[in-house]
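Shown next: start00.cif, containing mmCIF, C-alpha atoms.
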```cif
data_upload
loop_
_atom_site.label_atom_id
_atom_site.label_comp_id
_atom_site.auth_asym_id
_atom_site.auth_seq_id
_atom_site.Cartn_x
_atom_site.Cartn_y
_atom_site.Cartn_z
CA MET C 1 -7.07 2.28 -3.16
CA SER C 2 -5.40 4.01 -0.29
CA PHE C 3 -7.75 4.80 2.56
CA ALA C 4 -5.63 7.49 4.16
CA CYS C 5 -7.01 10.84 5.19
CA PHE C 6 -5.80 13.14 2.45
CA GLY C 7 -7.25 15.46 -0.11
CA ALA C 8 -10.31 17.65 -0.39
CA LEU C 9 -13.48 16.07 0.92
CA ASN C 10 -15.65 17.43 -1.85
CA CYS C 11 -13.21 17.04 -4.71
CA CYS C 12 -15.87 15.43 -6.90
CA LYS C 13 -18.57 18.03 -6.51
CA GLY C 14 -19.66 20.53 -9.08
CA LYS C 15 -17.01 20.04 -11.73
CA ASP C 16 -19.27 19.52 -14.70
CA SER C 17 -22.49 21.38 -15.37
CA HIS C 18 -23.31 19.17 -18.35
CA SER C 19 -23.51 15.90 -16.45
CA GLN C 20 -27.31 15.73 -16.63
CA GLN C 21 -27.12 15.66 -20.41
CA GLN C 22 -25.08 12.45 -20.37
CA PRO C 23 -26.42 8.89 -20.33
CA GLU C 24 -25.95 6.96 -17.09
CA GLU C 25 -23.21 4.81 -18.58
CA ILE C 26 -21.83 3.45 -21.81
CA ALA C 27 -19.45 0.57 -22.42
CA THR C 28 -16.16 0.66 -24.29
CA ASN C 29 -14.34 -2.65 -24.51
CA ASN C 30 -14.42 -3.93 -20.93
CA VAL C 31 -14.52 -0.48 -19.29
CA ARG C 32 -17.84 0.99 -18.22
CA ILE C 33 -18.02 4.74 -18.73
CA PHE C 34 -20.24 6.26 -16.04
CA SER C 35 -21.91 9.64 -16.25
CA TYR C 36 -21.07 12.12 -13.51
CA ASN C 37 -24.76 12.29 -12.68
CA SER C 38 -25.00 8.54 -12.09
CA LEU C 39 -22.04 8.58 -9.68
CA THR C 40 -23.46 11.61 -7.88
CA SER C 41 -26.64 9.62 -7.36
CA ALA C 42 -24.76 6.47 -6.34
CA THR C 43 -22.81 8.28 -3.61
CA GLY C 44 -25.59 10.53 -2.31
CA ASN C 45 -23.96 13.58 -3.90
CA PHE C 46 -20.61 12.42 -2.51
CA HIS C 47 -21.99 12.72 1.01
CA PRO C 48 -19.41 12.73 3.83
CA SER C 49 -21.16 9.75 5.43
CA ASN C 50 -20.22 7.68 2.37
CA ARG C 51 -16.57 8.62 2.53
CA ILE C 52 -14.58 5.44 3.18
CA GLY C 53 -11.06 6.75 2.75
CA GLY C 54 -8.62 8.72 0.73
CA GLY C 55 -5.04 8.90 -0.38
CA GLY C 56 -2.70 10.90 -2.52
CA PHE C 57 -4.65 9.96 -5.64
CA GLY C 58 -7.97 11.14 -4.22
CA VAL C 59 -10.96 10.57 -1.95
CA VAL C 60 -12.94 7.32 -1.98
CA TYR C 61 -16.70 7.00 -1.44
CA ARG C 62 -18.99 4.03 -1.08
CA GLY C 63 -21.63 4.00 -3.76
CA VAL C 64 -24.62 1.93 -4.82
CA LEU C 65 -25.43 1.69 -8.52
CA ARG C 66 -29.01 1.55 -9.79
CA ASP C 67 -28.84 -2.23 -10.07
CA GLY C 68 -27.92 -2.44 -6.37
CA THR C 69 -24.23 -3.18 -6.89
CA GLN C 70 -21.98 -1.66 -4.23
CA VAL C 71 -18.89 0.08 -5.59
CA ALA C 72 -15.99 2.18 -4.39
CA VAL C 73 -15.88 5.53 -6.19
CA LYS C 74 -12.46 7.20 -6.27
CA CYS C 75 -12.37 10.88 -7.24
CA LEU C 76 -8.86 11.59 -8.50
CA SER C 77 -7.55 14.73 -6.87
CA ALA C 78 -4.80 15.66 -9.33
CA GLU C 79 -5.09 16.67 -12.94
CA SER C 80 -3.97 13.90 -15.26
CA LYS C 81 -1.00 14.61 -17.47
CA GLN C 82 -2.91 13.02 -20.33
CA GLY C 83 -5.88 13.91 -22.49
CA LYS C 84 -9.08 11.88 -22.49
CA HIS C 85 -7.91 9.45 -25.17
CA GLU C 86 -4.59 8.72 -23.48
CA PHE C 87 -6.29 8.51 -20.08
CA MET C 88 -8.79 5.98 -21.40
CA THR C 89 -5.97 3.95 -22.95
CA GLU C 90 -4.32 3.64 -19.53
CA ILE C 91 -7.63 2.86 -17.83
CA GLN C 92 -8.37 0.11 -20.35
CA MET C 93 -4.94 -1.35 -19.74
CA ILE C 94 -5.50 -1.36 -15.97
CA SER C 95 -8.98 -2.86 -16.33
CA ASN C 96 -7.54 -5.68 -18.45
CA ILE C 97 -5.32 -6.75 -15.56
CA ARG C 98 -7.42 -9.31 -13.73
CA HIS C 99 -6.32 -11.48 -10.83
CA PRO C 100 -8.09 -12.80 -7.71
CA ASN C 101 -5.70 -10.76 -5.54
CA LEU C 102 -6.08 -7.46 -7.39
CA VAL C 103 -8.94 -5.01 -6.86
CA GLU C 104 -11.02 -4.93 -10.04
CA LEU C 105 -11.45 -1.63 -11.87
CA ILE C 106 -15.04 -1.57 -13.14
CA GLY C 107 -15.15 1.74 -14.96
CA CYS C 108 -14.59 5.48 -14.88
CA CYS C 109 -16.02 8.94 -15.49
CA ILE C 110 -14.18 11.44 -17.70
CA GLU C 111 -16.75 14.24 -18.09
CA GLY C 112 -15.19 17.68 -18.24
CA SER C 113 -12.32 17.86 -15.77
CA ASN C 114 -13.64 14.95 -13.70
CA ARG C 115 -11.45 11.88 -13.47
CA ILE C 116 -13.29 9.31 -11.37
CA LEU C 117 -12.57 5.59 -11.07
CA VAL C 118 -15.12 2.97 -10.05
CA TYR C 119 -13.83 -0.15 -8.32
CA GLU C 120 -15.35 -3.26 -6.84
CA TYR C 121 -16.37 -2.65 -3.23
CA MET C 122 -14.37 -4.40 -0.53
CA GLU C 123 -16.55 -5.06 2.51
CA ASN C 124 -13.81 -5.08 5.14
CA ASN C 125 -11.97 -1.98 3.94
CA SER C 126 -8.18 -2.27 4.26
CA LEU C 127 -5.60 -3.91 6.49
CA ALA C 128 -4.81 -0.44 7.84
CA THR C 129 -8.37 -0.21 9.16
CA SER C 130 -9.24 -3.82 9.95
CA LEU C 131 -5.98 -4.96 11.54
CA LEU C 132 -3.96 -1.85 12.39
CA GLY C 133 -6.75 0.67 12.93
CA SER C 134 -8.94 1.79 15.80
CA LYS C 135 -10.76 -0.69 18.02
CA GLY C 136 -14.14 0.26 16.60
CA LYS C 137 -13.28 -1.18 13.18
CA HIS C 138 -10.78 -3.78 14.34
CA ILE C 139 -11.24 -7.39 13.22
CA VAL C 140 -9.65 -10.17 15.26
CA MET C 141 -7.49 -12.29 12.95
CA ASP C 142 -5.95 -15.61 13.89
CA TRP C 143 -2.67 -16.81 12.44
CA SER C 144 -4.20 -18.79 9.57
CA THR C 145 -6.08 -15.65 8.43
CA ARG C 146 -2.95 -13.53 8.62
CA ALA C 147 -0.87 -16.11 6.78
CA ALA C 148 -3.49 -16.30 4.02
CA ILE C 149 -3.43 -12.49 3.69
CA CYS C 150 0.38 -12.56 3.40
CA LEU C 151 0.27 -15.29 0.75
CA GLY C 152 -2.55 -13.69 -1.21
CA THR C 153 -0.83 -10.31 -1.28
CA ALA C 154 2.45 -11.93 -2.35
CA THR C 155 0.61 -13.77 -5.11
CA GLY C 156 -0.96 -10.55 -6.43
CA LEU C 157 2.31 -8.63 -6.33
CA ALA C 158 4.22 -11.47 -8.01
CA PHE C 159 1.57 -11.41 -10.76
CA LEU C 160 2.13 -7.67 -11.34
CA HIS C 161 5.90 -8.16 -11.44
CA GLU C 162 6.22 -11.39 -13.38
CA GLU C 163 3.11 -11.99 -15.49
CA VAL C 164 1.76 -8.58 -16.51
CA GLU C 165 3.30 -7.23 -19.71
CA PRO C 166 4.86 -4.74 -19.34
CA PRO C 167 5.48 -5.44 -15.64
CA ILE C 168 3.97 -3.06 -13.10
CA VAL C 169 5.93 -1.70 -10.15
CA HIS C 170 3.27 -0.67 -7.65
CA ARG C 171 5.35 2.01 -5.84
CA ASP C 172 3.12 2.16 -2.76
CA ILE C 173 2.57 -1.27 -1.21
CA LYS C 174 1.23 -0.64 2.30
CA ALA C 175 -1.53 -1.76 4.63
CA SER C 176 -4.06 0.78 3.36
CA ASN C 177 -3.59 -0.48 -0.21
CA ILE C 178 -4.36 -4.07 0.77
CA LEU C 179 -8.15 -4.34 0.65
CA LEU C 180 -10.16 -7.15 2.25
CA ASP C 181 -13.38 -8.68 0.92
CA GLY C 182 -16.16 -10.20 3.00
CA ASN C 183 -14.09 -13.33 3.58
CA LEU C 184 -10.93 -11.34 4.44
CA LYS C 185 -9.36 -12.31 1.12
CA PRO C 186 -6.72 -9.69 0.25
CA LYS C 187 -6.65 -7.65 -2.95
CA ILE C 188 -4.07 -5.05 -3.93
CA GLY C 189 -5.46 -1.64 -4.86
CA ASP C 190 -4.08 1.41 -6.69
CA PHE C 191 -1.84 -0.53 -9.07
CA GLY C 192 -1.05 1.27 -12.32
CA LEU C 193 -2.31 4.68 -11.20
CA ALA C 194 1.08 6.36 -10.87
CA LYS C 195 1.40 6.48 -14.68
CA LEU C 196 -1.65 8.73 -14.92
CA PHE C 197 0.01 11.70 -13.24
CA PRO C 198 3.12 13.81 -13.70
CA ASP C 199 5.75 13.42 -11.01
CA ASN C 200 5.04 16.77 -9.37
CA VAL C 201 1.38 16.06 -8.55
CA THR C 202 1.59 12.57 -7.15
CA HIS C 203 0.90 11.91 -3.51
CA VAL C 204 4.29 12.90 -2.14
CA THR C 205 6.16 16.17 -2.40
CA THR C 206 9.55 14.60 -3.11
CA ARG C 207 10.63 12.88 -6.31
CA VAL C 208 9.48 9.53 -4.98
CA ALA C 209 5.96 8.18 -4.58
CA GLY C 210 5.39 6.15 -1.48
CA THR C 211 4.70 6.18 2.23
CA VAL C 212 7.21 6.66 5.03
CA GLY C 213 7.67 3.42 6.93
CA TYR C 214 7.54 1.41 3.69
CA LEU C 215 10.07 3.18 1.46
CA ALA C 216 13.10 1.28 0.23
CA PRO C 217 16.23 3.36 0.94
CA GLU C 218 17.55 3.35 -2.63
CA TYR C 219 14.19 4.65 -3.86
CA ALA C 220 13.95 7.33 -1.18
CA LEU C 221 17.59 8.36 -1.50
CA LEU C 222 18.22 8.13 -5.20
CA GLY C 223 14.82 7.74 -6.84
CA GLN C 224 15.84 4.30 -8.12
CA LEU C 225 12.54 2.52 -8.76
CA THR C 226 12.67 -1.22 -9.44
CA LYS C 227 10.60 -4.23 -8.46
CA LYS C 228 12.89 -4.58 -5.44
CA ALA C 229 11.40 -1.39 -3.97
CA ASP C 230 8.03 -3.18 -3.89
CA VAL C 231 9.73 -6.21 -2.33
CA TYR C 232 11.04 -4.00 0.48
CA SER C 233 7.59 -2.53 1.11
CA PHE C 234 6.08 -6.01 1.13
CA GLY C 235 8.62 -7.07 3.76
CA VAL C 236 7.51 -4.22 6.01
CA LEU C 237 3.89 -5.21 5.41
CA LEU C 238 4.67 -8.78 6.47
CA LEU C 239 6.07 -7.52 9.78
CA GLU C 240 2.96 -5.39 10.33
CA ILE C 241 0.64 -8.33 9.74
CA ILE C 242 2.62 -10.54 12.12
CA SER C 243 2.91 -7.90 14.84
CA GLY C 244 -0.42 -6.11 14.43
CA ARG C 245 1.47 -2.80 14.59
CA SER C 246 1.88 -0.05 12.02
CA SER C 247 5.37 0.76 10.78
CA SER C 248 4.42 4.30 9.84
CA LYS C 249 2.72 5.24 13.09
CA ALA C 250 4.71 3.77 15.96
CA ALA C 251 8.16 3.64 17.50
CA PHE C 252 9.46 0.52 19.16
CA GLY C 253 11.58 -0.09 22.23
CA VAL C 254 13.39 2.42 24.42
CA ASP C 255 15.38 3.64 21.41
CA LEU C 256 12.21 4.55 19.46
CA LEU C 257 13.20 2.35 16.54
CA VAL C 258 11.13 1.94 13.39
CA LEU C 259 9.64 -1.50 12.90
CA VAL C 260 12.36 -3.08 10.75
CA GLU C 261 15.07 -1.77 13.09
CA TRP C 262 13.27 -3.21 16.09
CA VAL C 263 12.90 -6.62 14.43
CA TRP C 264 16.60 -6.67 13.57
CA LYS C 265 17.38 -5.87 17.21
CA LEU C 266 15.08 -8.72 18.34
CA ARG C 267 16.92 -11.04 15.97
CA LYS C 268 20.29 -10.14 17.44
CA GLU C 269 18.85 -10.74 20.92
CA GLU C 270 17.29 -14.05 19.77
CA ARG C 271 13.82 -12.76 20.71
CA LEU C 272 12.11 -12.73 17.29
CA MET C 273 8.96 -14.36 18.62
CA ASP C 274 8.37 -11.27 20.76
CA LEU C 275 7.23 -9.65 17.52
CA VAL C 276 4.06 -11.76 17.30
CA ASP C 277 0.82 -9.92 18.03
CA PRO C 278 -0.39 -10.93 21.55
CA GLU C 279 -3.84 -11.19 20.00
CA VAL C 280 -2.68 -14.33 18.18
CA ASN C 281 -3.02 -17.08 20.78
CA GLN C 282 -2.02 -20.18 18.86
CA TYR C 283 0.32 -20.42 15.92
CA PRO C 284 2.92 -22.76 14.38
CA GLU C 285 6.14 -21.26 15.67
CA ASP C 286 8.28 -22.60 12.81
CA GLU C 287 6.02 -21.06 10.18
CA VAL C 288 5.80 -17.71 11.95
CA MET C 289 9.58 -17.64 12.34
CA ARG C 290 9.97 -18.37 8.62
CA PHE C 291 7.61 -15.51 7.72
CA ILE C 292 9.58 -13.09 9.92
CA LYS C 293 12.88 -14.12 8.35
CA VAL C 294 11.41 -13.78 4.85
CA ALA C 295 10.43 -10.21 5.78
CA LEU C 296 14.02 -9.52 6.85
CA PHE C 297 15.32 -10.86 3.54
CA CYS C 298 12.89 -8.51 1.77
CA THR C 299 14.01 -5.43 3.69
CA GLN C 300 17.78 -5.74 3.28
CA ALA C 301 19.51 -2.43 2.57
CA ALA C 302 21.01 -3.55 -0.75
CA ALA C 303 18.29 -4.02 -3.36
CA HIS C 304 20.17 -6.74 -5.25
CA GLN C 305 20.23 -8.89 -2.12
CA ARG C 306 16.45 -8.94 -1.81
CA PRO C 307 14.55 -11.86 -3.35
CA THR C 308 12.10 -11.48 -6.21
CA MET C 309 8.40 -11.71 -5.39
CA LYS C 310 8.31 -15.10 -7.09
CA GLN C 311 11.00 -16.28 -4.68
CA VAL C 312 9.21 -14.64 -1.76
CA LEU C 313 6.02 -16.51 -2.63
CA GLU C 314 7.91 -19.79 -2.70
CA MET C 315 9.60 -19.07 0.63
CA LEU C 316 6.27 -18.25 2.24
CA SER C 317 4.32 -21.18 0.80
CA LYS C 318 6.87 -23.94 1.32
CA ASN C 319 8.76 -25.13 4.37
CA VAL C 320 12.15 -24.15 2.96
CA ASN C 321 15.43 -23.67 4.77
CA LEU C 322 16.57 -20.06 4.58
CA ASN C 323 20.27 -19.27 4.38
CA GLU C 324 20.47 -16.86 7.28
CA LYS C 325 24.21 -16.45 6.82
CA ALA C 326 23.42 -14.45 3.69
CA LEU C 327 21.05 -12.12 5.57
CA THR C 328 22.25 -8.51 5.93
CA GLU C 329 21.00 -5.55 7.91
CA PRO C 330 17.81 -3.76 6.83
CA GLY C 331 17.73 -0.35 5.20
CA VAL C 332 15.61 2.45 6.63
CA TYR C 333 14.23 5.69 5.18
CA ARG C 334 13.15 8.24 7.73
CA SER C 335 11.91 11.83 7.62
CA HIS C 336 12.36 14.40 10.39
CA THR C 337 8.75 15.46 9.96
CA SER C 338 6.97 12.28 9.00
CA GLN C 339 7.34 9.91 11.91
CA HIS C 340 4.55 10.17 14.45
CA PHE C 341 3.07 7.99 17.09
CA GLY C 342 -0.60 7.17 17.56
CA GLY C 343 -3.13 9.25 15.68
CA SER C 344 -5.95 8.31 13.36
CA SER C 345 -6.48 5.01 11.62
CA ASP C 346 -5.85 6.60 8.24
CA GLU C 347 -2.46 6.14 6.58
CA THR C 348 -0.03 9.05 6.56
CA SER C 349 1.96 9.84 3.44
CA SER C 350 5.42 11.31 3.37
CA SER C 351 4.06 14.63 2.15
CA GLN C 352 2.36 15.32 5.47
CA LYS C 353 4.36 17.18 8.06
CA LYS C 354 4.03 15.68 11.51
CA LYS C 355 6.42 16.42 14.33
CA GLY C 356 8.03 13.40 15.92
CA LYS C 357 11.21 12.09 17.47
CA GLN C 358 13.93 10.67 15.29
CA SER C 359 15.46 7.37 16.18
CA VAL C 360 19.11 6.77 15.56
CA TYR C 361 20.44 3.31 14.86
CA SER C 362 24.11 2.99 13.99
CA PRO C 363 25.84 2.45 11.66
CA ALA C 364 24.03 4.93 9.46
CA THR C 365 24.55 7.71 7.01
CA SER C 366 22.28 10.73 6.80
CA ILE C 367 21.72 12.78 3.67
CA GLN C 368 19.75 16.02 3.62
CA PHE C 369 17.11 16.48 0.91
CA ASP C 370 15.81 19.89 1.96
CA SER C 371 14.90 21.85 5.07
CA ASN C 372 12.00 19.54 5.86
CA GLN C 373 13.23 16.03 5.15
CA SER C 374 16.28 13.90 5.62
CA VAL C 375 16.85 10.24 5.01
CA THR C 376 18.82 7.70 6.95
CA GLN C 377 20.13 4.58 5.32
CA MET C 378 21.30 1.72 7.49
CA LEU C 379 24.25 0.00 5.90
CA PRO C 380 25.05 -3.68 6.30
CA ARG C 381 27.94 -4.37 8.62
#
```
Could you show the structure in this file as structure tokens?
Amino acid sequence: MSFACFGALNCCKGKDSHSQQQPEEIATNNVRIFSYNSLTSATGNFHPSNRIGGGGFGVVYRGVLRDGTQVAVKCLSAESKQGKHEFMTEIQMISNIRHPNLVELIGCCIEGSNRILVYEYMENNSLATSLLGSKGKHIVMDWSTRAAICLGTATGLAFLHEEVEPPIVHRDIKASNILLDGNLKPKIGDFGLAKLFPDNVTHVTTRVAGTVGYLAPEYALLGQLTKKADVYSFGVLLLEIISGRSSSKAAFGVDLLVLVEWVWKLRKEERLMDLVDPEVNQYPEDEVMRFIKVALFCTQAAAHQRPTMKQVLEMLSKNVNLNEKALTEPGVYRSHTSQHFGGSSDETSSSQKKKGKQSVYSPATSIQFDSNQSVTQMLPR
């Protein structure tokens, strides 16, 4: 449930003139089918004041159902490649995937051309807002809270990879897709949605779906999508949680490195603890160091060298000795037009064109996609 600023603000309005003829909701299996009219009422006619975010899949509004239940209403911005029956089959599959660390899909609306999803409401929005966002919405998080968010997210992602059948590769693990409930418990949003759309109308303009700053190089370069692409993105997310800084919005050091480059440089200089957010006053240094090193294992350039999420979860939850001799340099995907510094609290996808400086970190190879984008892959020495 990406809360980035993207898409038309009023994408849900006025698509179906027959909505008043429909009942408020019906139930099919475990999916509630809402009428367009009921969701219009719940969101105050999709009023801008109820807008809580947006992403490549659409704009999200806070809503209140007639029984008083708060929900998040996501208006999908792209036409589905499937008809109503096929769309409902996918929605039922997603709604059947239940886990404490996954955002629950409550129901949907499929009247006319509308494709609207209704999710459980997460009181503290996303990590992008609560930890990495503007001061007005910032929540102070101590180390134990951050560690719990890391572990909970790893648990949810391992569930998608290892226990769901068929397994789900998320494709877009990032801070704005990690939602936080009232107790700051993390839940992964937007899983399973990529299957609903054809490749040319997903939330990036290239052949890959994802967000710059989180993209595994083999996925960005070659379109090779495996579970290890999610592992890479999770590694970046770990570094963001530890540092309190966004990988997709900031450059680090005098060389304007991206986050994983900067951490690798700190490692070579034996200054890894400089990564820790100054806001975190007290923390177990051994545990924090282990979390940082796990992130580096996750972001290695070669996909086959990255651990599985099941292994990641074990490394995070147990005081294990990591074989640092096996650790190789991280891989980095970068766009000429995507990297920017500062800006709004909303996440920026790789389809947006922002001017920014390019950092160069050797050894590297650069491959041109088109006139707007290039990628750089750091190769292990």
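Nearest residue to Ser317 (chain C) among C:Val73, C:Met273, C:Val118, C:Leu151 is C:Leu151, counting all atoms listed in the file.
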Just want the 8 Å neighbourhood of Tyr232 (chain C), counted on only C-alpha atoms, with same-chain residues fewer than 6 positions away dropped. Output as a short mmCIF file (atom, residue, chain, number, x, y, z; two decimals) with C-alpha atoms, in the frame of the given file.
```cif
data_model
loop_
_atom_site.label_atom_id
_atom_site.label_comp_id
_atom_site.auth_asym_id
_atom_site.auth_seq_id
_atom_site.Cartn_x
_atom_site.Cartn_y
_atom_site.Cartn_z
CA TYR C 214 7.54 1.41 3.69
CA LEU C 215 10.07 3.18 1.46
CA ALA C 216 13.10 1.28 0.23
CA CYS C 298 12.89 -8.51 1.77
CA THR C 299 14.01 -5.43 3.69
CA GLN C 300 17.78 -5.74 3.28
CA ARG C 306 16.45 -8.94 -1.81
#
```
Counting only C-alpha atoms, which residues of region 124-230 of chain C fall within 12 Å of region 250-253 of chain C, and what is the closest atom pair for each with its distance in Å at one decimal, ordered by chain and rising number, as a Markdown table?
```
| residue | atom | partner | partner_atom | distance |
| --- | --- | --- | --- | --- |
| C:Leu132 | CA | C:Ala250 | CA | 10.9 |
| C:Val212 | CA | C:Ala250 | CA | 11.6 |
| C:Gly213 | CA | C:Ala250 | CA | 9.5 |
```
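One finds CA of Lys325 (chain C) at 29.1 Å from CA of Gln282 (chain C).
Nearest residue to Arg290 (chain C), choosing from C:Glu314, C:Asp230, C:Glu240, C:Glu218 and counting only C-alpha atoms: C:Glu314.
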Resolved residues for the PyMOL selection byres ((chain C and resi 238) around 10) as a ChimeraX atom specification = /C:146-147,149-151,153-154,174-175,232-237,239-244,291-296,298
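CA of Ile33 (chain C) is found 9.7 Å from CA of Met88 (chain C).
Interatomic distance, CA of Thr69 (chain C) against CA of Leu184 (chain C): 19.3 Å.
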request  = Could you tell me which residues the PyMOL selection byres ((chain C and resi 311) around 12) returns for this structure, as a PyMOL selection string?
outcome  = chain C and resi 154-155+157-158+161-162+228+231+294+297-298+306-310+312-318+320+322
Per-axis box centre and lengths in Å around region 245-251 of chain C, 5 Å margin per side, axis-aligned, as JSON:
```
{"center_x": 4.8, "center_y": 1.2, "center_z": 13.7, "size_x": 16.7, "size_y": 18.0, "size_z": 17.7}
```
ask   = Which of these residues is nearest to Asn177 (chain C), using all atoms listed in the file: C:Phe57, C:Tyr219, C:Trp143, C:Tyr36?
value = C:Phe57
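Across C:Val263, C:Met141, C:Cys75, C:Ile178, the tightest approach to Pro330 (chain C) is made by C:Val263 when counting all atoms listed in the file.
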remark   = Of C:Lys227, C:Arg245, C:Lys185, C:His138, the one sitting nearest Asp172 (chain C) when using all atoms listed in the file is C:Lys227
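Proximity ranking of C:Ile52, C:Leu266, C:Ile97, C:Leu105 relative to Ser176 (chain C) places C:Ile52 first, based on only C-alpha atoms.
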